[in-house]
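Student: Could you have a look at this structure, given as structure tokens, before my questions?
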Amino acid sequence: MVMRITVKLFATFRENRFKEARREYPPGTTVADVAAELEIEAGLIGMIFIHGRAAELDRVLEEGDVLALFPLLGGG
Amino acid sequence: MLSKLELERYSRHILLRDVGGPGQHKLKAARVLCVGAGGLGSPVIEYLAAAGVGTLGLVDDDRVSLSNLQRQVVHSTENVGKLKVESARERIAAINPNVAVELHPLRLDADNVGELVGAYDYVVDGTDNFPTRFLVADTAYARRKPLVTAGVLEFYGSVTTLLPYAMDTNGQPNPSWRCLMPREPETAALTCSEVGILGGVVGVLGTLAACEVLKLITGVGTPLIGRLLMVDIRDMGFDLVDYYRNPASPVFGQG
């Protein structure tokens with residue numbers, strides 16, 4: 001059994017990856033697991049949204065979740 | 001009252017059906033605090049000054065350096081070494097002498113931020129670090145001031161508008177900054193001086209931020225409340241990402 005998760009990436013995270021993809025993960029997968037699989041360094045993640053609501057790295061994903069990952073855009 | 005010269009200067013605003021004379025009067029009466037007189041702050045300051053915002057407060061403790069000039073268009077080569085707020089004041093005076101400018105050459109901290117934010121009607125944040133962004137966002141929330149906040153890096157940027165003390169059309173409170181980022185990042189964010197920034201990117205994001213402020217003041221259109229505009233100049237794409245209030249977010253419901 002697998003979960004289908006829509007992963008959306010923004011800004012630098014898109015480079016050599018993708019903008020949006022439907023991906024399959026085993027139950028129990030966390031946001032941190034997805035980031036690790038995509039080789040996104042946790043320390044570079046600025047915002048995490050699941051269905052438009054802020055979430056943490058240790059959040060366990062659920063079937064049908066829409067996960068969006070944004071890097072820190074700290075310059076001015 | 002607008003003088004004859006002001007009526008001529010702002011005629012293209014006054015022609016706009018949704019702005020008109022009443023909108024221009026609102027701009028003249030408005031006090032806007034611009035946090036950061038750097039890359040994002042440059043177009044913010046220039047467009048708000050040109051638009052006839054009555055009073056601009058400028059916060060920045062930095063001095064103009066040669067490496068700023070590739071993107072910080074409010075400053076000029078002859079002003080290298082000058083305080084950024086003083087350099088920006090010269091530019092504002094050249095654009096529109098009707099604008100009153102208040103200089104705050106200081107670094108915002110917990111002791112001075114409340115009084116400063118409290119003295120203005122609107123806040124626009126184009127600072128270059130997250131501790132200041134959190135400080136400004138939390139304070140604007142507590143003081144019930146509309147905040148437009150933007151960030152950039154490399155070829156990318158984001159901008160959104162925060163009125164977390166106000167209700168949406170469903171009677172629910174709008175999201176706060178802490179609904180985007182519940183807490184400050186543990187690691188220091190990469191900076192433009194470390195990884196670079198395409199000059200025009202700050203022009204795009206700063207101009208968008210200025211437009212949001214002008215819309216808030218005049219009451220025109222729909223601001224970016226609950227919507228994060230992500231700008232990708234590298235592959236040229238704009239994404240509007242909806243976000244929602246998070247009752248579990250720190251600070252939410254306080255202030």
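Here's how to read the names in the structure tokens: chain A, B, ... by the order shown, residue numbers from 1 in each chain, ligand numbers from 1 in the order shown.
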For Tyr25 in chain A, please output as a short mmCIF file (atom, residue, chain, number, x, y, z; two decimals) with N, CA and C atoms, in the first residue's frame all residues within 7 Å (counting only C-alpha atoms; exclusion window: fewer than 5 positions along the same chain).

Tutor:
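As a result, result17.cif now contains:
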```cif
data_model
loop_
_atom_site.label_atom_id
_atom_site.label_comp_id
_atom_site.auth_asym_id
_atom_site.auth_seq_id
_atom_site.Cartn_x
_atom_site.Cartn_y
_atom_site.Cartn_z
N VAL A 2 0.49 2.20 -0.84
CA VAL A 2 1.27 3.44 -0.91
C VAL A 2 0.32 4.65 -0.77
N MET A 3 0.91 5.78 -0.40
CA MET A 3 0.16 7.04 -0.35
C MET A 3 0.54 7.86 -1.58
N ARG A 4 -0.44 8.54 -2.14
CA ARG A 4 -0.13 9.46 -3.24
C ARG A 4 -0.08 10.88 -2.68
#
```

Student: Please run DSSP on the backbone and report, as number ranges by chain, all residues within range 65-136 of chain B that come out as helix (DSSP H, G or I).

Tutor: B: 66-68, 77-79, 84-95, 113-118, 130-136

Student: Can you write just those residues out, C-alpha atoms, as a CSV table (one decimal), in the first residue's frame?

Tutor:
```
chain,number,residue,atom,x,y,z
B,66,LEU,CA,29.7,49.8,-4.5
B,67,SER,CA,28.4,46.3,-4.6
B,68,ASN,CA,24.9,47.6,-3.7
B,77,THR,CA,27.7,56.1,-7.3
B,78,GLU,CA,28.4,59.5,-5.8
B,79,ASN,CA,26.7,58.4,-2.6
B,84,LYS,CA,21.4,54.7,2.9
B,85,VAL,CA,18.6,56.6,4.5
B,86,GLU,CA,20.3,59.9,3.6
B,87,SER,CA,21.1,58.8,0.1
B,88,ALA,CA,17.5,57.7,-0.4
B,89,ARG,CA,16.2,61.1,1.0
B,90,GLU,CA,18.2,62.9,-1.7
B,91,ARG,CA,16.5,60.7,-4.4
B,92,ILE,CA,13.0,61.2,-2.9
B,93,ALA,CA,13.5,65.0,-2.9
B,94,ALA,CA,14.6,64.8,-6.5
B,95,ILE,CA,11.5,62.7,-7.5
B,113,VAL,CA,10.5,48.6,17.0
B,114,GLY,CA,7.2,49.2,18.8
B,115,GLU,CA,7.3,53.0,18.9
B,116,LEU,CA,8.6,53.1,15.3
B,117,VAL,CA,5.9,50.9,13.8
B,118,GLY,CA,3.3,52.5,16.0
B,130,PHE,CA,14.8,36.8,9.2
B,131,PRO,CA,15.2,38.1,12.8
B,132,THR,CA,14.1,41.6,11.6
B,133,ARG,CA,11.3,40.1,9.5
B,134,PHE,CA,9.9,38.3,12.5
B,135,LEU,CA,10.3,41.4,14.7
B,136,VAL,CA,8.5,43.6,12.2
```

Student: Using only C-alpha atoms, I'd like a table of the residues in chain A that come within 6 Å of chain B; for each, show the closest atom pair and its distance in Å rounded to one decimal, ordered by chain and ascending number, as CSV.

Tutor:
```
residue,atom,partner,partner_atom,distance
A:Ala11,CA,B:Tyr156,CA,5.7
A:Met47,CA,B:Met181,CA,5.9
A:Gly52,CA,B:Tyr243,CA,4.3
A:Arg53,CA,B:Tyr244,CA,5.6
A:Ala54,CA,B:Leu180,CA,5.9
A:Leu73,CA,B:Val152,CA,5.0
A:Gly74,CA,B:Gly151,CA,5.4
A:Gly75,CA,B:Asp128,CA,4.4
A:Gly76,CA,B:Asp128,CA,4.2
```

Student: Apply DSSP to the structure's backbone, then extract all residues of chain A labelled strand (DSSP E) and return them as a compact mmCIF listing (two decimals) with N, CA and C atoms, in the first residue's frame.

Tutor:
```txt
# COMPACT_ATOMS: atom_id res chain seq x y z
N MET A 3 0.91 5.78 -0.40
CA MET A 3 0.16 7.04 -0.35
C MET A 3 0.54 7.86 -1.58
N ARG A 4 -0.44 8.54 -2.14
CA ARG A 4 -0.13 9.46 -3.24
C ARG A 4 -0.08 10.88 -2.68
N ILE A 5 1.06 11.50 -2.87
CA ILE A 5 1.31 12.85 -2.35
C ILE A 5 1.65 13.76 -3.53
N THR A 6 1.03 14.93 -3.56
CA THR A 6 1.42 15.93 -4.56
C THR A 6 2.49 16.82 -3.92
N VAL A 7 3.64 16.86 -4.55
CA VAL A 7 4.75 17.67 -4.03
C VAL A 7 4.96 18.87 -4.95
N LYS A 8 4.91 20.06 -4.36
CA LYS A 8 5.17 21.29 -5.11
C LYS A 8 6.45 21.93 -4.58
N LEU A 9 7.33 22.27 -5.50
CA LEU A 9 8.60 22.89 -5.11
C LEU A 9 8.66 24.31 -5.66
N GLU A 20 6.10 20.49 -9.88
CA GLU A 20 5.02 19.78 -9.21
C GLU A 20 5.02 18.34 -9.69
N ALA A 21 4.83 17.41 -8.76
CA ALA A 21 4.80 15.99 -9.15
C ALA A 21 3.91 15.21 -8.19
N ARG A 22 3.24 14.20 -8.74
CA ARG A 22 2.50 13.27 -7.87
C ARG A 22 3.43 12.11 -7.60
N ARG A 23 3.68 11.85 -6.34
CA ARG A 23 4.66 10.83 -5.99
C ARG A 23 4.05 9.87 -4.98
N GLU A 24 4.64 8.68 -4.92
CA GLU A 24 4.11 7.64 -4.03
C GLU A 24 5.09 7.37 -2.90
N TYR A 25 4.56 7.29 -1.70
CA TYR A 25 5.38 7.05 -0.51
C TYR A 25 4.69 6.02 0.38
N ILE A 45 15.19 24.71 4.12
CA ILE A 45 13.74 24.83 3.96
C ILE A 45 13.23 25.99 4.81
N GLY A 46 12.52 26.92 4.15
CA GLY A 46 11.97 28.06 4.86
C GLY A 46 10.54 27.82 5.30
N MET A 47 9.72 27.40 4.35
CA MET A 47 8.30 27.19 4.66
C MET A 47 7.86 25.82 4.18
N ILE A 48 6.99 25.22 4.97
CA ILE A 48 6.38 23.93 4.62
C ILE A 48 4.87 24.13 4.72
N PHE A 49 4.17 23.91 3.62
CA PHE A 49 2.70 23.95 3.66
C PHE A 49 2.15 22.57 3.34
N ILE A 50 1.14 22.18 4.07
CA ILE A 50 0.33 21.02 3.66
C ILE A 50 -1.09 21.55 3.50
N ARG A 53 -1.48 25.04 4.83
CA ARG A 53 -1.27 25.33 6.25
C ARG A 53 0.14 24.95 6.65
N ALA A 54 0.77 25.81 7.46
CA ALA A 54 2.15 25.58 7.86
C ALA A 54 2.27 24.25 8.60
N VAL A 66 -1.24 17.61 -0.22
CA VAL A 66 -0.50 18.49 -1.14
C VAL A 66 0.57 19.18 -0.31
N LEU A 67 1.81 18.80 -0.56
CA LEU A 67 2.95 19.31 0.21
C LEU A 67 3.70 20.33 -0.62
N ALA A 68 3.91 21.52 -0.07
CA ALA A 68 4.68 22.56 -0.77
C ALA A 68 5.91 22.91 0.07
N LEU A 69 7.06 22.93 -0.59
CA LEU A 69 8.32 23.25 0.09
C LEU A 69 8.94 24.50 -0.53
N PHE A 70 9.30 25.45 0.33
CA PHE A 70 9.87 26.72 -0.11
C PHE A 70 11.23 26.93 0.57
N PRO A 71 12.22 27.37 -0.17
CA PRO A 71 13.49 27.72 0.48
C PRO A 71 13.37 29.06 1.20
```

Student: Tell me, in Å to one decimal, how far CA of Gly54 in chain B is from CA of Val99 in chain B.

Tutor: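 Rounded to one decimal, the two atoms are 5.1 Å apart.
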
Student: Could you list, as a PDB file with N, CA and C atoms, in the first residue's frame, every residue within 9 Å of Lys28 in chain B, counting only C-alpha atoms and ignoring same-chain residues fewer than 5 positions away?

Tutor:
```
ATOM      1  N   LEU B   2      -5.124  69.406  -2.586  1.00  0.00           N
ATOM      2  CA  LEU B   2      -4.019  69.247  -3.524  1.00  0.00           C
ATOM      3  C   LEU B   2      -3.843  70.555  -4.296  1.00  0.00           C
ATOM      4  N   GLY B  23      -8.682  59.105  -3.711  1.00  0.00           N
ATOM      5  CA  GLY B  23      -7.559  58.189  -3.524  1.00  0.00           C
ATOM      6  C   GLY B  23      -6.249  58.949  -3.377  1.00  0.00           C
ATOM      7  N   ALA B  51       4.326  58.431  -6.153  1.00  0.00           N
ATOM      8  CA  ALA B  51       2.867  58.338  -6.065  1.00  0.00           C
ATOM      9  C   ALA B  51       2.279  59.406  -5.150  1.00  0.00           C
ATOM     10  N   GLY B  52       3.132  60.075  -4.382  1.00  0.00           N
ATOM     11  CA  GLY B  52       2.628  61.134  -3.521  1.00  0.00           C
ATOM     12  C   GLY B  52       2.201  60.695  -2.130  1.00  0.00           C
ATOM     13  N   VAL B  53       2.788  59.583  -1.656  1.00  0.00           N
ATOM     14  CA  VAL B  53       2.561  59.223  -0.249  1.00  0.00           C
ATOM     15  C   VAL B  53       3.116  60.370   0.604  1.00  0.00           C
ATOM     16  N   GLY B  54       2.306  60.868   1.529  1.00  0.00           N
ATOM     17  CA  GLY B  54       2.657  62.101   2.230  1.00  0.00           C
ATOM     18  C   GLY B  54       3.912  62.015   3.066  1.00  0.00           C
ATOM     19  N   THR B  55       4.057  60.916   3.816  1.00  0.00           N
ATOM     20  CA  THR B  55       5.212  60.781   4.698  1.00  0.00           C
ATOM     21  C   THR B  55       5.812  59.394   4.559  1.00  0.00           C
ATOM     22  N   ASN B  98       7.164  67.054  -2.523  1.00  0.00           N
ATOM     23  CA  ASN B  98       5.983  67.114  -1.647  1.00  0.00           C
ATOM     24  C   ASN B  98       6.003  66.054  -0.548  1.00  0.00           C
ATOM     25  N   VAL B  99       6.946  65.106  -0.633  1.00  0.00           N
ATOM     26  CA  VAL B  99       6.975  64.003   0.326  1.00  0.00           C
ATOM     27  C   VAL B  99       7.822  64.385   1.543  1.00  0.00           C
TER      28      VAL B  99
END
```

Student: Under the rule that only C-alpha atoms are counted, which of B:Pro43, B:Gly200, B:Phe238, B:Asn96 is the nearest residue to Leu5 in chain B?

Tutor: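 Smallest distance to Leu5 in chain B is found for B:Asn96.
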
Student: Hey, can you check how far CA of Asp121 in chain B sits from CA of Leu33 in chain B?

Tutor: 7.8 Å

Student: Could you tell me how far CA of Arg9 in chain B sits from CA of Ala100 in chain B, in Å to one decimal place?

Tutor: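 CA of Ala100 in chain B sits 16.4 Å away from CA of Arg9 in chain B.
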
Student: With distances taken over only C-alpha atoms, which of B:Ile217, B:Glu194, B:Pro97, B:Ser176 is nearest to Arg31 in chain B?

Tutor: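 Going through B:Ile217, B:Glu194, B:Pro97, B:Ser176 one by one, the smallest distance to Arg31 in chain B is for B:Ile217.
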
Student: With distances taken over only C-alpha atoms, which of B:Val159, B:Ala119, B:Ala50, B:Ile14 is nearest to Val204 in chain B?

Tutor: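 Between B:Val159, B:Ala119, B:Ala50, B:Ile14, the residue approaching Val204 in chain B most closely is B:Val159.
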